[in-house]
file model_8.txt (compact mmCIF, C-alpha atoms (C1' of nucleotides))
# COMPACT_ATOMS: atom_id res chain seq x y z
CA MET A 1 5.08 20.02 -9.55
CA LYS A 2 2.25 17.56 -9.13
CA ILE A 3 3.53 14.61 -7.11
CA VAL A 4 1.32 11.58 -6.56
CA THR A 5 1.63 8.56 -4.29
CA TRP A 6 -0.66 5.66 -5.05
CA ASN A 7 -0.83 2.05 -3.93
CA VAL A 8 -2.47 0.52 -6.99
CA ASN A 9 -2.89 -3.05 -5.63
CA SER A 10 -1.43 -4.75 -8.72
CA LEU A 11 -0.33 -2.77 -11.74
CA LYS A 12 -1.20 -5.81 -13.84
CA ALA A 13 -4.85 -5.62 -12.76
CA ARG A 14 -4.83 -1.81 -12.76
CA LYS A 15 -3.00 -1.10 -16.04
CA GLU A 16 -5.93 0.52 -17.89
CA TYR A 17 -7.02 2.32 -14.75
CA VAL A 18 -3.55 3.82 -14.26
CA GLU A 19 -3.49 4.86 -17.92
CA ALA A 20 -6.79 6.68 -17.46
CA PHE A 21 -5.35 8.35 -14.38
CA LEU A 22 -2.21 9.50 -16.20
CA ASP A 23 -4.24 11.00 -19.02
CA ALA A 24 -6.66 12.79 -16.72
CA GLU A 25 -4.36 13.99 -13.93
CA LYS A 26 -1.02 14.30 -15.77
CA PRO A 27 1.20 14.10 -12.67
CA ASP A 28 4.83 15.22 -12.92
CA ILE A 29 5.88 12.42 -10.60
CA LEU A 30 3.95 9.26 -9.79
CA ALA A 31 5.14 6.94 -7.02
CA ILE A 32 3.36 3.58 -7.23
CA GLN A 33 3.33 0.78 -4.68
CA GLU A 34 2.25 -2.87 -4.93
CA LEU A 35 3.10 -3.52 -8.56
CA LYS A 36 2.87 -7.29 -7.96
CA LEU A 37 5.00 -7.62 -11.08
CA GLU A 38 8.62 -8.44 -11.82
CA THR A 39 10.59 -5.50 -13.18
CA ASP A 40 10.70 -6.89 -16.73
CA LYS A 41 6.97 -7.62 -16.67
CA VAL A 42 6.02 -4.02 -15.88
CA PRO A 43 4.10 -2.48 -18.82
CA LYS A 44 6.68 0.27 -19.28
CA ASP A 45 5.08 1.55 -22.48
CA ILE A 46 2.07 2.99 -20.64
CA PHE A 47 4.54 5.39 -19.02
CA THR A 48 7.21 5.89 -21.69
CA SER A 49 4.61 6.55 -24.41
CA ARG A 50 3.40 9.44 -22.25
CA GLY A 51 6.88 10.86 -21.80
CA TYR A 52 7.75 9.42 -18.37
CA HIS A 53 11.14 8.18 -17.18
CA LEU A 54 11.08 5.16 -14.89
CA ALA A 55 12.77 3.75 -11.81
CA ILE A 56 11.45 0.27 -11.06
CA HIS A 57 11.97 -2.26 -8.28
CA GLY A 58 9.59 -5.07 -9.14
CA GLN A 59 8.72 -8.38 -7.54
CA LYS A 60 6.62 -11.29 -8.66
CA GLN A 61 3.27 -11.75 -6.92
CA TRP A 62 3.74 -9.25 -4.08
CA ASN A 63 5.17 -5.83 -3.31
CA GLY A 64 7.06 -3.90 -5.99
CA VAL A 65 7.54 -0.12 -6.29
CA LEU A 66 8.04 2.30 -9.16
CA ILE A 67 8.69 5.99 -9.79
CA ALA A 68 7.50 7.55 -13.03
CA SER A 69 8.73 11.08 -13.73
CA LYS A 70 8.35 13.60 -16.55
CA LYS A 71 11.86 14.84 -15.69
CA GLU A 72 14.92 12.63 -15.70
CA ILE A 73 15.61 10.42 -12.68
CA HIS A 74 19.21 10.33 -11.42
CA ASP A 75 21.06 8.07 -8.98
CA ILE A 76 18.46 5.35 -8.82
CA HIS A 77 18.68 3.06 -5.81
CA VAL A 78 16.56 0.01 -5.06
CA GLY A 79 16.11 -2.07 -1.94
CA LEU A 80 16.61 -1.60 1.78
CA PRO A 81 19.70 -3.54 2.84
CA GLU A 82 19.38 -5.39 6.17
CA GLY A 83 15.69 -4.54 6.29
CA ASP A 84 13.50 -5.81 3.48
CA GLU A 85 14.54 -9.47 3.47
CA GLY A 86 14.62 -9.39 -0.32
CA GLN A 87 11.16 -7.91 -0.72
CA SER A 88 10.87 -5.00 -3.14
CA ARG A 89 9.70 -2.12 -0.99
CA LEU A 90 12.00 0.83 -1.71
CA VAL A 91 13.00 2.69 -4.84
CA ALA A 92 14.79 6.04 -4.70
CA GLY A 93 15.81 8.56 -7.32
CA THR A 94 16.81 12.21 -7.62
CA ILE A 95 14.53 14.45 -9.70
CA GLU A 96 15.06 18.20 -10.10
CA GLY A 97 17.45 18.20 -7.15
CA ILE A 98 15.05 16.43 -4.81
CA ARG A 99 15.73 12.94 -3.47
CA PHE A 100 12.52 10.89 -3.69
CA VAL A 101 12.23 7.67 -1.70
CA ASN A 102 9.16 5.69 -2.69
CA LEU A 103 8.20 3.22 0.03
CA TYR A 104 5.85 0.33 0.45
CA CYS A 105 6.30 -0.38 4.15
CA PRO A 106 5.19 -3.74 5.57
CA GLN A 107 1.60 -3.92 6.79
CA GLY A 108 2.43 -6.14 9.77
CA SER A 109 -0.69 -8.32 10.01
CA GLU A 110 -1.29 -8.54 13.78
CA GLU A 111 0.90 -7.58 16.72
CA THR A 112 1.51 -11.25 17.59
CA SER A 113 2.59 -12.10 14.03
CA PRO A 114 6.19 -12.58 12.83
CA LYS A 115 5.19 -10.08 10.14
CA TYR A 116 4.89 -7.46 12.84
CA VAL A 117 8.46 -8.14 13.95
CA TYR A 118 9.44 -7.72 10.30
CA LYS A 119 7.54 -4.43 10.10
CA LEU A 120 9.29 -2.99 13.15
CA GLY A 121 12.68 -4.19 11.87
CA PHE A 122 11.98 -2.61 8.49
CA PHE A 123 11.64 0.80 10.12
CA ASP A 124 14.84 0.30 12.13
CA ALA A 125 16.66 -0.49 8.88
CA LEU A 126 15.05 2.46 7.11
CA ILE A 127 16.22 4.86 9.83
CA SER A 128 19.76 3.42 9.69
CA TRP A 129 19.79 3.63 5.89
CA LEU A 130 18.69 7.27 6.00
CA GLU A 131 21.29 8.18 8.60
CA LYS A 132 24.01 6.44 6.62
CA ASN A 133 23.14 7.74 3.14
CA HIS A 134 21.37 11.05 3.64
CA SER A 135 21.30 14.17 5.73
CA LYS A 136 18.34 16.19 6.92
CA GLU A 137 19.89 19.24 5.27
CA GLU A 138 19.22 17.88 1.77
CA PRO A 139 15.89 18.13 -0.02
CA ILE A 140 14.51 14.66 0.59
CA MET A 141 11.00 13.26 0.40
CA LEU A 142 9.86 9.87 1.65
CA LEU A 143 6.49 9.10 0.17
CA GLY A 144 4.31 6.09 -0.25
CA ASP A 145 2.25 3.55 1.63
CA ILE A 146 3.90 3.91 5.04
CA ASN A 147 1.32 1.63 6.68
CA ILE A 148 1.37 3.68 9.90
CA ALA A 149 -1.39 6.13 10.78
CA PRO A 150 0.42 8.82 12.82
CA ARG A 151 -2.34 10.41 14.89
CA PRO A 152 -5.59 9.23 16.55
CA CYS A 153 -7.55 11.24 13.98
CA ASP A 154 -5.83 9.25 11.21
CA VAL A 155 -7.81 6.10 12.04
CA TYR A 156 -11.56 5.65 12.07
CA TRP A 157 -11.85 3.24 14.99
CA ASP A 158 -12.26 4.08 18.66
CA LEU A 159 -8.83 4.10 20.28
CA GLN A 160 -10.37 3.78 23.75
CA GLU A 161 -11.69 0.40 22.64
CA LYS A 162 -8.74 -0.63 20.48
CA PRO A 163 -5.58 1.23 21.43
CA SER A 164 -3.16 -1.30 19.95
CA ILE A 165 -4.39 -2.17 16.50
CA VAL A 166 -1.70 -2.56 13.84
CA THR A 167 -1.24 0.63 11.76
CA HIS A 168 -1.79 2.70 14.91
CA HIS A 169 -0.01 0.79 17.67
CA PRO A 170 2.44 2.12 20.29
CA ALA A 171 5.34 -0.04 19.02
CA GLU A 172 5.19 1.26 15.45
CA LEU A 173 4.30 4.81 16.47
CA GLN A 174 7.61 4.83 18.31
CA LYS A 175 9.36 3.80 15.06
CA LEU A 176 7.60 6.58 13.17
CA GLU A 177 8.63 9.06 15.84
CA ARG A 178 12.26 7.99 15.41
CA LEU A 179 11.95 8.21 11.64
CA LEU A 180 10.59 11.75 11.85
CA ALA A 181 13.32 12.62 14.37
CA PHE A 182 15.78 12.19 11.49
CA GLY A 183 14.42 15.56 10.39
CA LEU A 184 11.23 14.82 8.50
CA THR A 185 7.75 16.34 8.65
CA ASP A 186 4.50 14.58 7.79
CA LEU A 187 2.93 17.17 5.48
CA GLY A 188 -0.56 15.70 5.73
CA GLN A 189 -0.83 16.80 9.36
CA SER A 190 -0.98 20.44 8.33
CA LEU A 191 -2.19 20.24 4.71
CA GLN A 192 -5.07 17.77 5.15
CA GLU A 193 -8.28 17.94 7.15
CA GLU A 194 -8.63 15.50 10.04
CA GLY A 195 -10.20 12.27 8.90
CA ASP A 196 -9.03 12.71 5.30
CA PHE A 197 -8.32 9.01 4.86
CA THR A 198 -6.34 7.48 2.01
CA PHE A 199 -7.06 3.77 2.43
CA PHE A 200 -10.32 1.96 2.98
CA ASP A 201 -10.06 -1.59 4.18
CA TYR A 202 -12.01 -4.69 3.19
CA ARG A 203 -10.88 -7.32 5.64
CA SER A 204 -9.96 -8.24 9.22
CA PHE A 205 -12.38 -7.92 12.06
CA TRP A 206 -16.10 -8.31 11.62
CA ASP A 207 -16.80 -4.68 12.47
CA PHE A 208 -14.28 -3.46 9.89
CA ARG A 209 -16.19 -5.16 7.16
CA ARG A 210 -17.92 -3.93 4.00
CA ARG A 211 -19.04 -0.52 2.90
CA ARG A 212 -16.09 1.06 4.59
CA PHE A 213 -15.43 3.48 1.78
CA ARG A 214 -19.06 4.48 1.68
CA TYR A 215 -19.13 5.13 5.40
CA ASP A 216 -15.71 6.72 5.48
CA LEU A 217 -14.11 3.96 7.55
CA GLY A 218 -10.48 4.31 6.60
CA VAL A 219 -7.01 5.30 7.70
CA ARG A 220 -4.45 7.89 6.59
CA ILE A 221 -1.33 5.86 5.81
CA ASP A 222 -0.23 7.19 2.41
CA LEU A 223 2.14 9.94 3.46
CA PHE A 224 4.61 12.59 2.35
CA LEU A 225 7.53 12.97 4.78
CA VAL A 226 9.88 15.81 3.89
CA SER A 227 13.00 17.50 5.16
CA ASP A 228 12.78 21.12 6.34
CA VAL A 229 14.00 22.70 3.10
CA LEU A 230 10.96 21.33 1.27
CA ILE A 231 8.32 22.47 3.76
CA PRO A 232 7.87 26.00 2.34
CA HIS A 233 7.53 24.51 -1.15
CA ALA A 234 4.54 22.31 -0.20
CA LYS A 235 1.33 24.04 -1.21
CA SER A 236 -1.49 21.53 -0.91
CA ILE A 237 -2.45 17.89 -0.58
CA ASP A 238 -5.48 16.52 -2.37
CA VAL A 239 -6.91 13.04 -1.80
CA LEU A 240 -8.49 12.19 -5.16
CA ARG A 241 -11.42 10.15 -3.90
CA THR A 242 -13.05 10.01 -7.31
CA TRP A 243 -10.24 7.58 -8.27
CA ARG A 244 -11.42 5.22 -5.57
CA HIS A 245 -14.57 4.57 -7.60
CA LYS A 246 -15.15 2.40 -10.63
CA LYS A 247 -14.29 4.01 -13.95
CA LYS A 248 -15.97 2.71 -17.09
CA GLY A 249 -16.28 -0.71 -15.50
CA MET A 250 -12.65 -0.76 -14.31
CA LYS A 251 -12.15 -1.68 -10.68
CA PRO A 252 -10.31 0.80 -8.44
CA SER A 253 -7.50 0.13 -5.98
CA ASP A 254 -8.32 0.08 -2.28
CA HIS A 255 -6.00 3.09 -1.86
CA VAL A 256 -6.80 6.58 -3.08
CA PRO A 257 -4.16 8.48 -5.08
CA VAL A 258 -2.83 11.38 -3.00
CA VAL A 259 -1.51 14.50 -4.73
CA LEU A 260 1.04 16.92 -3.34
CA GLU A 261 1.50 20.25 -5.09
CA LEU A 262 5.11 21.36 -4.64
CA THR A 263 6.81 24.43 -6.06
CA PRO A 264 10.17 23.52 -7.64
CA LEU A 265 13.46 24.25 -5.92
CA PRO A 266 15.62 27.04 -7.38
CA ILE A 267 17.91 25.68 -10.10
CA GLN A 268 21.29 24.74 -8.62
CA PRO A 269 24.25 26.56 -10.22
C1' DA B 1 -21.37 -12.33 15.30
C1' DT B 2 -15.22 -15.63 12.43
C1' DG B 3 -18.15 -14.00 7.86
C1' DG B 4 -16.83 -11.06 4.07
C1' DT B 5 -13.30 -8.87 -0.77
C1' DA B 6 -9.39 -8.60 -4.09
C1' DG B 7 -5.24 -10.30 -6.32
C1' DC B 8 -1.95 -13.79 -7.53
C1' DA B 9 -2.06 -18.10 -9.31
C1' DC B 10 -4.42 -22.45 -8.83
C1' DG B 11 -4.03 -23.89 -2.89
C1' DG B 12 -3.15 -20.66 0.21
C1' DC B 13 -1.08 -16.45 1.24
C1' DT B 14 -1.23 -11.43 1.67
C1' DA B 15 -3.47 -7.26 2.35
call {"tool": "encode", "arguments": {"input": "model_8.txt", "output": "structure tokens"}}
result
Amino acid sequence: MKIVTWNVNSLKARKEYVEAFLDAEKPDILAIQELKLETDKVPKDIFTSRGYHLAIHGQKQWNGVLIASKKEIHDIHVGLPEGDEGQSRLVAGTIEGIRFVNLYCPQGSEETSPKYVYKLGFFDALISWLEKNHSKEEPIMLLGDINIAPRPCDVYWDLQEKPSIVTHHPAELQKLERLLAFGLTDLGQSLQEEGDFTFFDYRSFWDFRRRRFRYDLGVRIDLFLVSDVLIPHAKSIDVLRTWRHKKKGMKPSDHVPVVLELTPLPIQP
DNA sequence: ATGGTAGCACGGCTA
């Protein structure tokens, strides 16, 4: 099974680009973040015409998540109660006996921002939701733009100089630690090389600016977090950097699609 | 060094 997570930074702007991706890479499951489209405005035909089933949690202007799957999606759930404040950041569905939770976690802006309070609260709610609705014994995969870089080698900047920058900051690392303590493993830590970034920024501080992709100035925040039963099934992770470049004049997203190769679970009797 | 880019939607927010 070829499972992809990809923050497309507007499916409206990236429609043709995503179509080219589907035709070239033919993923079994594609988890997309940042649709920036209401559910009924999503161009469903680009998926259904290629044989995909859909689970969509859209939102106008910002956020929005979607799962496209070659196999049927069961028990679709959208939203994070008590945590997302009405923003569309979670869509879950069961495919081939595996529970997939596609997440677009809040970015948080700066540590002094109310958005950072929201980010930390989102993770509290996510942990509660998991504990209430799922168990670590089941095959479950959280994937998506988690917006936290787990280890020092997952950010390009000097942590001696900037130990508390949002995306790798003690307060949110503590939330991630609690999330993983539910019984989840970040597969990228063993299946990717250090410095194999998935997002290359364009904004913020003056020394973060411009040519970041070219000079490899990124972070690893697009993650696969799985329960123990799935670990032996995970074969490889591939960051498809070629899809971070222009294609036939089409502009790329600022995130790179990340592919996980997973062997299927045995068929349940 | 407080600029720069992209997207939504048309002024300002979000990333």
call {"tool": "interface_residues", "arguments": {"input": "model_8.txt", "of": "chain B", "to": "chain A", "cutoff": "8 Å", "atoms": "all atoms listed in the file", "output": "list in words"}}
result
DA1, DT2, DG3, DG4, DT5, DG7, DC8, DT14 and DA15 of chain B
call {"tool": "write_last_selection", "arguments": {"input": "model_8.txt", "atoms": "C-alpha atoms (C1' of nucleotides)", "output": "short mmCIF file (atom, residue, chain, number, x, y, z; two decimals), in the coordinates of the input"}}
result
data_model
loop_
_atom_site.label_atom_id
_atom_site.label_comp_id
_atom_site.auth_asym_id
_atom_site.auth_seq_id
_atom_site.Cartn_x
_atom_site.Cartn_y
_atom_site.Cartn_z
"C1'" DA B 1 -21.37 -12.33 15.30
"C1'" DT B 2 -15.22 -15.63 12.43
"C1'" DG B 3 -18.15 -14.00 7.86
"C1'" DG B 4 -16.83 -11.06 4.07
"C1'" DT B 5 -13.30 -8.87 -0.77
"C1'" DG B 7 -5.24 -10.30 -6.32
"C1'" DC B 8 -1.95 -13.79 -7.53
"C1'" DT B 14 -1.23 -11.43 1.67
"C1'" DA B 15 -3.47 -7.26 2.35
#
call {"tool": "atom_distance", "arguments": {"input": "model_8.txt", "atom1": "atom CA of Glu194 of chain A", "atom2": "atom CA of Ile221 of chain A"}}
result
12.8 Å
call {"tool": "atom_distance", "arguments": {"input": "model_8.txt", "atom1": "atom CA of Lys246 of chain A", "atom2": "atom CA of Glu261 of chain A"}}
result
25.0 Å
call {"tool": "residues_around", "arguments": {"input": "model_8.txt", "residues": "segment 131-140 of chain A", "least_positions_apart": "5", "cutoff": "9 Å", "atoms": "only C-alpha atoms (C1' of nucleotides)", "output": "CSV table (one decimal) with C-alpha atoms, in the coordinates of the input"}}
result
chain,number,residue,atom,x,y,z
A,94,THR,CA,16.8,12.2,-7.6
A,97,GLY,CA,17.4,18.2,-7.2
A,98,ILE,CA,15.0,16.4,-4.8
A,99,ARG,CA,15.7,12.9,-3.5
A,100,PHE,CA,12.5,10.9,-3.7
A,101,VAL,CA,12.2,7.7,-1.7
A,126,LEU,CA,15.0,2.5,7.1
A,182,PHE,CA,15.8,12.2,11.5
A,183,GLY,CA,14.4,15.6,10.4
A,184,LEU,CA,11.2,14.8,8.5
A,225,LEU,CA,7.5,13.0,4.8
A,226,VAL,CA,9.9,15.8,3.9
A,227,SER,CA,13.0,17.5,5.2
A,228,ASP,CA,12.8,21.1,6.3
A,229,VAL,CA,14.0,22.7,3.1
A,230,LEU,CA,11.0,21.3,1.3
A,265,LEU,CA,13.5,24.2,-5.9
call {"tool": "atom_distance", "arguments": {"input": "model_8.txt", "atom1": "atom CA of Val42 of chain A", "atom2": "atom CA of Ser88 of chain A"}}
result
13.7 Å
